[in-house]
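Below is run-v1.pdb, holding PDB, C-alpha atoms.
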ATOM      1  CA  MET A 155      67.975 108.352  36.054
ATOM      2  CA  ILE A 156      68.809 105.432  38.329
ATOM      3  CA  ILE A 157      71.667 102.991  37.787
ATOM      4  CA  VAL A 158      71.151  99.425  39.016
ATOM      5  CA  SER A 159      73.386  96.379  39.270
ATOM      6  CA  SER A 160      72.913  94.201  36.190
ATOM      7  CA  CYS A 161      72.488  91.084  38.333
ATOM      8  CA  LEU A 162      69.560  92.719  40.146
ATOM      9  CA  ALA A 163      68.006  93.397  36.738
ATOM     10  CA  GLY A 164      67.979  89.672  35.983
ATOM     11  CA  MET A 165      71.145  89.501  33.892
ATOM     12  CA  LYS A 166      73.227  86.406  34.568
ATOM     13  CA  VAL A 167      76.479  88.243  35.263
ATOM     14  CA  ARG A 168      77.327  87.210  38.831
ATOM     15  CA  TYR A 169      80.598  85.378  39.442
ATOM     16  CA  ASN A 170      78.787  82.019  39.146
ATOM     17  CA  GLY A 171      76.702  82.943  36.104
ATOM     18  CA  THR A 172      73.481  83.593  38.009
ATOM     19  CA  ASP A 173      71.364  86.666  38.708
ATOM     20  CA  CYS A 174      69.572  88.134  41.720
ATOM     21  CA  LEU A 175      66.462  89.439  39.987
ATOM     22  CA  GLU A 176      64.500  92.015  41.956
ATOM     23  CA  GLN A 177      61.048  92.673  40.461
ATOM     24  CA  GLY A 178      61.029  96.324  41.537
ATOM     25  CA  ILE A 179      64.244  96.893  39.630
ATOM     26  CA  ARG A 180      62.855  95.114  36.599
ATOM     27  CA  GLN A 181      59.910  97.521  36.669
ATOM     28  CA  LEU A 182      62.249 100.532  36.836
ATOM     29  CA  LEU A 183      64.103  99.240  33.774
ATOM     30  CA  ASP A 184      60.897  98.500  31.877
ATOM     31  CA  SER A 185      59.652 102.036  32.563
ATOM     32  CA  ARG A 186      63.021 103.452  31.440
ATOM     33  CA  GLN A 187      63.728 105.002  34.842
ATOM     34  CA  ALA A 188      66.863 102.873  35.261
ATOM     35  CA  VAL A 189      69.876 101.564  33.369
ATOM     36  CA  ALA A 190      71.698  98.344  34.302
ATOM     37  CA  VAL A 191      75.468  98.349  34.848
ATOM     38  CA  CYS A 192      77.897  95.683  36.061
ATOM     39  CA  PRO A 193      81.123  97.240  37.397
ATOM     40  CA  GLU A 194      82.893  93.881  37.364
ATOM     41  CA  LEU A 195      82.194  93.318  33.666
ATOM     42  CA  LEU A 196      83.196  96.928  32.987
ATOM     43  CA  GLY A 197      86.487  96.139  34.729
ATOM     44  CA  GLY A 198      87.228  93.299  32.309
ATOM     45  CA  PHE A 199      85.894  90.242  34.131
ATOM     46  CA  SER A 200      83.983  87.513  32.339
ATOM     47  CA  THR A 201      81.147  85.313  33.554
ATOM     48  CA  PRO A 202      81.612  82.927  35.256
ATOM     49  CA  ARG A 203      84.678  83.921  37.279
ATOM     50  CA  GLU A 204      86.268  83.074  40.604
ATOM     51  CA  PRO A 205      84.548  84.758  43.554
ATOM     52  CA  ALA A 206      86.581  87.586  45.058
ATOM     53  CA  GLU A 207      86.682  89.337  48.413
ATOM     54  CA  ILE A 208      88.409  92.380  49.861
ATOM     55  CA  ILE A 209      91.401  91.539  52.043
ATOM     56  CA  GLY A 210      92.535  94.008  54.699
ATOM     57  CA  GLY A 211      89.744  96.556  54.709
ATOM     58  CA  ASN A 212      86.894  97.879  52.597
ATOM     59  CA  GLY A 213      86.354  99.542  49.239
ATOM     60  CA  ARG A 214      87.722 102.900  50.319
ATOM     61  CA  ASP A 215      90.833 101.159  51.646
ATOM     62  CA  VAL A 216      91.238  99.484  48.243
ATOM     63  CA  LEU A 217      91.002 102.862  46.488
ATOM     64  CA  GLU A 218      93.607 104.294  48.868
ATOM     65  CA  GLY A 219      95.989 101.343  48.407
ATOM     66  CA  ARG A 220      95.620  99.924  51.935
ATOM     67  CA  ALA A 221      93.635  96.811  50.970
ATOM     68  CA  ARG A 222      93.280  94.603  47.926
ATOM     69  CA  VAL A 223      90.743  92.414  46.183
ATOM     70  CA  VAL A 224      91.755  88.776  45.791
ATOM     71  CA  ASP A 225      89.897  85.926  44.137
ATOM     72  CA  ARG A 226      89.458  82.512  45.736
ATOM     73  CA  ALA A 227      92.422  81.158  43.731
ATOM     74  CA  GLY A 228      94.680  83.807  45.305
ATOM     75  CA  ASN A 229      94.964  86.134  42.290
ATOM     76  CA  ASP A 230      95.126  89.843  43.029
ATOM     77  CA  VAL A 231      92.297  91.371  40.970
ATOM     78  CA  THR A 232      92.371  94.815  42.586
ATOM     79  CA  ALA A 233      93.184  96.681  39.368
ATOM     80  CA  MET A 234      90.145  95.220  37.593
ATOM     81  CA  TYR A 235      87.840  96.216  40.455
ATOM     82  CA  ILE A 236      89.203  99.759  40.421
ATOM     83  CA  GLU A 237      88.884  99.958  36.629
ATOM     84  CA  GLY A 238      85.268  98.804  36.830
ATOM     85  CA  ALA A 239      84.514 101.333  39.561
ATOM     86  CA  TYR A 240      85.840 104.203  37.450
ATOM     87  CA  ALA A 241      83.873 102.977  34.414
ATOM     88  CA  ALA A 242      80.698 102.878  36.533
ATOM     89  CA  LEU A 243      81.435 106.402  37.795
ATOM     90  CA  GLU A 244      81.804 107.577  34.198
ATOM     91  CA  GLN A 245      78.423 106.037  33.345
ATOM     92  CA  ALA A 246      76.810 107.644  36.383
ATOM     93  CA  HIS A 247      78.110 111.039  35.305
ATOM     94  CA  SER A 248      77.115 110.590  31.650
ATOM     95  CA  LEU A 249      73.571 109.579  32.645
ATOM     96  CA  ALA A 250      73.312 112.238  35.364
ATOM     97  CA  ALA A 251      72.263 109.452  37.720
ATOM     98  CA  THR A 252      70.589 110.597  40.909
ATOM     99  CA  LEU A 253      70.620 107.192  42.610
ATOM    100  CA  VAL A 254      72.603 103.971  42.244
ATOM    101  CA  VAL A 255      71.240 100.640  43.511
ATOM    102  CA  LEU A 256      73.960  98.013  43.878
ATOM    103  CA  LYS A 257      74.073  94.403  45.082
ATOM    104  CA  GLU A 258      74.719  94.123  48.795
ATOM    105  CA  ASN A 259      77.712  92.073  50.047
ATOM    106  CA  SER A 260      79.683  92.332  46.784
ATOM    107  CA  PRO A 261      83.349  93.438  46.899
ATOM    108  CA  SER A 262      82.411  95.879  44.164
ATOM    109  CA  CYS A 263      78.830  96.835  44.960
ATOM    110  CA  GLY A 264      78.192  96.278  48.670
ATOM    111  CA  SER A 265      76.848  99.427  50.283
ATOM    112  CA  SER A 266      76.536  98.354  53.936
ATOM    113  CA  TRP A 267      78.063  94.865  54.058
ATOM    114  CA  ILE A 268      80.877  93.013  52.304
ATOM    115  CA  TYR A 269      82.322  89.534  52.695
ATOM    116  CA  ASN A 270      85.143  89.422  55.244
ATOM    117  CA  GLY A 271      87.923  88.100  52.993
ATOM    118  CA  GLU A 272      87.955  84.548  54.365
ATOM    119  CA  PHE A 273      85.789  82.941  51.614
ATOM    120  CA  ALA A 274      83.639  81.262  54.262
ATOM    121  CA  GLY A 275      80.475  83.355  53.959
ATOM    122  CA  GLY A 276      81.270  85.726  56.828
ATOM    123  CA  LYS A 277      80.329  89.381  56.402
ATOM    124  CA  ILE A 278      81.507  92.641  57.915
ATOM    125  CA  PRO A 279      80.135  96.179  57.798
ATOM    126  CA  GLY A 280      81.652  97.998  54.847
ATOM    127  CA  GLU A 281      81.316  99.099  51.283
ATOM    128  CA  GLY A 282      82.654  97.719  48.021
ATOM    129  CA  VAL A 283      85.070  99.450  45.663
ATOM    130  CA  THR A 284      82.476 100.900  43.271
ATOM    131  CA  THR A 285      80.221 102.059  46.082
ATOM    132  CA  ALA A 286      83.151 103.794  47.791
ATOM    133  CA  LEU A 287      84.184 105.605  44.612
ATOM    134  CA  LEU A 288      80.650 106.719  43.764
ATOM    135  CA  ARG A 289      80.112 108.023  47.289
ATOM    136  CA  LEU A 290      83.438 109.869  47.217
ATOM    137  CA  HIS A 291      82.020 111.685  44.189
ATOM    138  CA  GLY A 292      78.770 112.577  45.959
ATOM    139  CA  ILE A 293      76.544 109.953  44.336
ATOM    140  CA  GLU A 294      73.944 108.248  46.537
ATOM    141  CA  VAL A 295      74.319 104.460  46.630
ATOM    142  CA  ILE A 296      71.852 102.090  48.271
ATOM    143  CA  SER A 297      71.312  98.331  48.298
ATOM    144  CA  GLU A 298      68.460  96.362  46.788
ATOM    145  CA  GLU A 299      67.198  95.935  50.354
ATOM    146  CA  GLU A 300      66.959  99.696  50.867
ATOM    147  CA  LEU A 301      65.307 100.207  47.482
ATOM    148  CA  ALA A 302      62.132  98.351  48.480
ATOM    149  CA  ALA A 303      61.279 101.060  51.002
ATOM    150  CA  ARG A 304      61.853 103.800  48.413
ATOM    151  CA  LEU A 305      60.000 102.292  45.443
ATOM    152  CA  PRO A 306      56.698 104.047  46.195
ATOM    153  CA  GLU A 307      58.406 107.458  45.895
ATOM    154  CA  LEU A 308      60.223 106.638  42.649
TER     155      LEU A 308
END

Write the structure described by the file as structure tokens, please.
Amino acid sequence: MIIVSSCLAGMKVRYNGTDCLEQGIRQLLDSRQAVAVCPELLGGFSTPREPAEIIGGNGRDVLEGRARVVDRAGNDVTAMYIEGAYAALEQAHSLAATLVVLKENSPSCGSSWIYNGEFAGGKIPGEGVTTALLRLHGIEVISEEELAARLPEL
């Protein structure tokens, strides 16, 4: 079983109420090879919501208490991101997921890149909170960009 970000599956759950539909992911869902999950909704967020970025590090730093997640209005939303990450981990375990495909650049889901915490569109190498937690538990996480190359083998 594969877990995919809900926004990549065409669900309008992003911070601004939009999606990032990827046709390959839609096909995985339609063939029942994948299940859609949104860590941010699992953490208690609603749609729409203020955009958030990691301040002072990356997802692993957030999990270790060295960085935090703050929304554009200045609210510390770290606890909700951590809660969502643990809920996603629980789902991955319950589904015996072998692969997780999450939305690149997200403070929750980024697997190679995240926004730099300045709310100006800048990005830095790093992983989001959910990606970091899943990887700490030995679960493979890739981005939608990496999935395209692997679709033929799935």

* Contacts of A:Leu256 within 6 Å, only C-alpha atoms, excl. fewer than 5 positions in-chain, as a VMD selection string -> chain A and resid 158 to 159 263 297

* Just the residues within 8 Å of stretch 178-191 of chain A, please, counting all atoms listed in the file, with nothing from its chain fewer than 6 positions along; format it as a list in words. =>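 That gives Met155, Ile156, Ile157, Val158, Ser159, Ser160, Leu162, Ala163, Gly164, Ala242, Ala302 and Leu305 of chain A.
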
* To do: Spell out the residues picked by the PyMOL selection byres ((chain A and resi 246) around 10) here, as a PyMOL selection string.
  => chain A and resi 155-157+189+191+240-245+247-254+288+293

* Hits from the PyMOL selection byres ((chain A and resi 199) around 12), listed as number ranges by chain -> A: 167-171, 192-198, 200-206, 225, 231-238

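Taking all atoms listed in the file into account, A:Cys161 lies nearest to A:Leu175 out of the set A:Lys277, A:Glu299, A:Leu175, A:Arg222.
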
* Answer key for the PyMOL selection byres ((chain A and resi 273) around 9), residues as an NGL selection string -> :A and (205-207 or 226 or 269-272 or 274-276)

So that I can check the surroundings of A:Ala221, please list as a tab-separated table (two decimals) with C-alpha atoms, in the coordinates of the input every protein, DNA and RNA residue that reaches within 10 Å of it, counting all atoms listed in the file and ignoring chain neighbours fewer than 4 positions away.
chain	number	residue	atom	x	y	z
A	208	ILE	CA	88.41	92.38	49.86
A	209	ILE	CA	91.40	91.54	52.04
A	210	GLY	CA	92.54	94.01	54.70
A	211	GLY	CA	89.74	96.56	54.71
A	212	ASN	CA	86.89	97.88	52.60
A	213	GLY	CA	86.35	99.54	49.24
A	214	ARG	CA	87.72	102.90	50.32
A	215	ASP	CA	90.83	101.16	51.65
A	216	VAL	CA	91.24	99.48	48.24
A	217	LEU	CA	91.00	102.86	46.49
A	232	THR	CA	92.37	94.82	42.59

* Closest of A:His291, A:Ile296, A:Asp230, A:Val223 to A:Pro261 - atom-to-atom distances counting only C-alpha atoms -> A:Val223

As JSON: centre and edge lengths in Å, one decimal, of the axis-aligned box holding stretch 171-175 of chain A with 4 Å per side:
{"center_x": 71.6, "center_y": 86.2, "center_z": 38.9, "size_x": 18.2, "size_y": 14.5, "size_z": 13.6}

* Asked: What does the distance from atom CA of A:Thr284 to atom CA of A:Val255 come to in Å, to one decimal?
  ->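 Straight-line distance from atom CA of A:Thr284 to atom CA of A:Val255 works out to 11.2 Å.
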
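Pairwise distance (atom CA of A:Gly264, atom CA of A:Ala303) equals 17.7 Å.
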
* To do: Quote the spacing between atom CA of A:Ala286 and atom CA of A:Pro306 in Å to one decimal place.
  =>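 We find that atom CA of A:Ala286 and atom CA of A:Pro306 lie 26.5 Å from each other.
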
* Pick out the closest residue to A:Ala239 from this set: A:Gln177, A:Thr285, A:Ser266, A:Thr172. Count only C-alpha atoms. => A:Thr285

* Out of A:Glu218, A:Ile278, A:Glu307, A:Glu258, which residue has the shortest atom-to-atom distance to A:Leu290 when counting only C-alpha atoms? ->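 Closest residue, counting only C-alpha atoms: A:Glu218.
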
* Could you check which of A:Lys166, A:Glu176, A:Gly280, A:Ala227 is closest to A:Glu298, using only C-alpha atoms? =>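 Smallest separation from A:Glu298 among the options: A:Glu176.
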
* So, counting only C-alpha atoms, which residue among A:Asp173, A:Val283, A:Val295, A:Ser265 is closest to A:Gly219? -> A:Val283

Could I get stretch 176-213 of chain A from the block written as a CSV table (one decimal), in the first residue's frame, with C-alpha atoms?
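selection-v1.csv was written with the following content:
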chain,number,residue,atom,x,y,z
A,176,GLU,CA,-1.1,14.6,-10.0
A,177,GLN,CA,-2.7,12.2,-12.6
A,178,GLY,CA,-0.3,9.3,-11.7
A,179,ILE,CA,-1.5,9.5,-8.1
A,180,ARG,CA,-5.1,9.6,-9.1
A,181,GLN,CA,-4.5,6.4,-11.0
A,182,LEU,CA,-2.9,4.8,-8.0
A,183,LEU,CA,-6.0,5.7,-5.9
A,184,ASP,CA,-8.4,4.5,-8.5
A,185,SER,CA,-6.7,1.2,-8.7
A,186,ARG,CA,-6.7,1.0,-4.9
A,187,GLN,CA,-2.9,0.9,-4.6
A,188,ALA,CA,-2.9,4.1,-2.6
A,189,VAL,CA,-4.7,5.9,0.2
A,190,ALA,CA,-4.8,9.7,0.6
A,191,VAL,CA,-3.8,11.3,3.9
A,192,CYS,CA,-3.3,15.0,4.9
A,193,PRO,CA,-1.1,15.3,8.0
A,194,GLU,CA,-2.1,18.9,8.5
A,195,LEU,CA,-5.8,18.0,8.6
A,196,LEU,CA,-5.0,15.1,10.9
A,197,GLY,CA,-3.2,17.6,13.2
A,198,GLY,CA,-6.4,19.7,13.6
A,199,PHE,CA,-6.0,22.3,10.9
A,200,SER,CA,-9.0,23.4,8.7
A,201,THR,CA,-9.0,24.6,5.1
A,202,PRO,CA,-8.3,27.3,4.3
A,203,ARG,CA,-5.7,28.3,6.9
A,204,GLU,CA,-2.7,30.6,7.2
A,205,PRO,CA,0.4,29.3,5.4
A,206,ALA,CA,3.1,28.1,7.7
A,207,GLU,CA,6.9,27.6,7.5
A,208,ILE,CA,9.5,26.0,9.7
A,209,ILE,CA,11.6,28.6,11.6
A,210,GLY,CA,15.2,27.7,12.7
A,211,GLY,CA,15.7,24.3,11.0
A,212,ASN,CA,13.9,21.5,9.4
A,213,GLY,CA,11.3,18.8,10.3
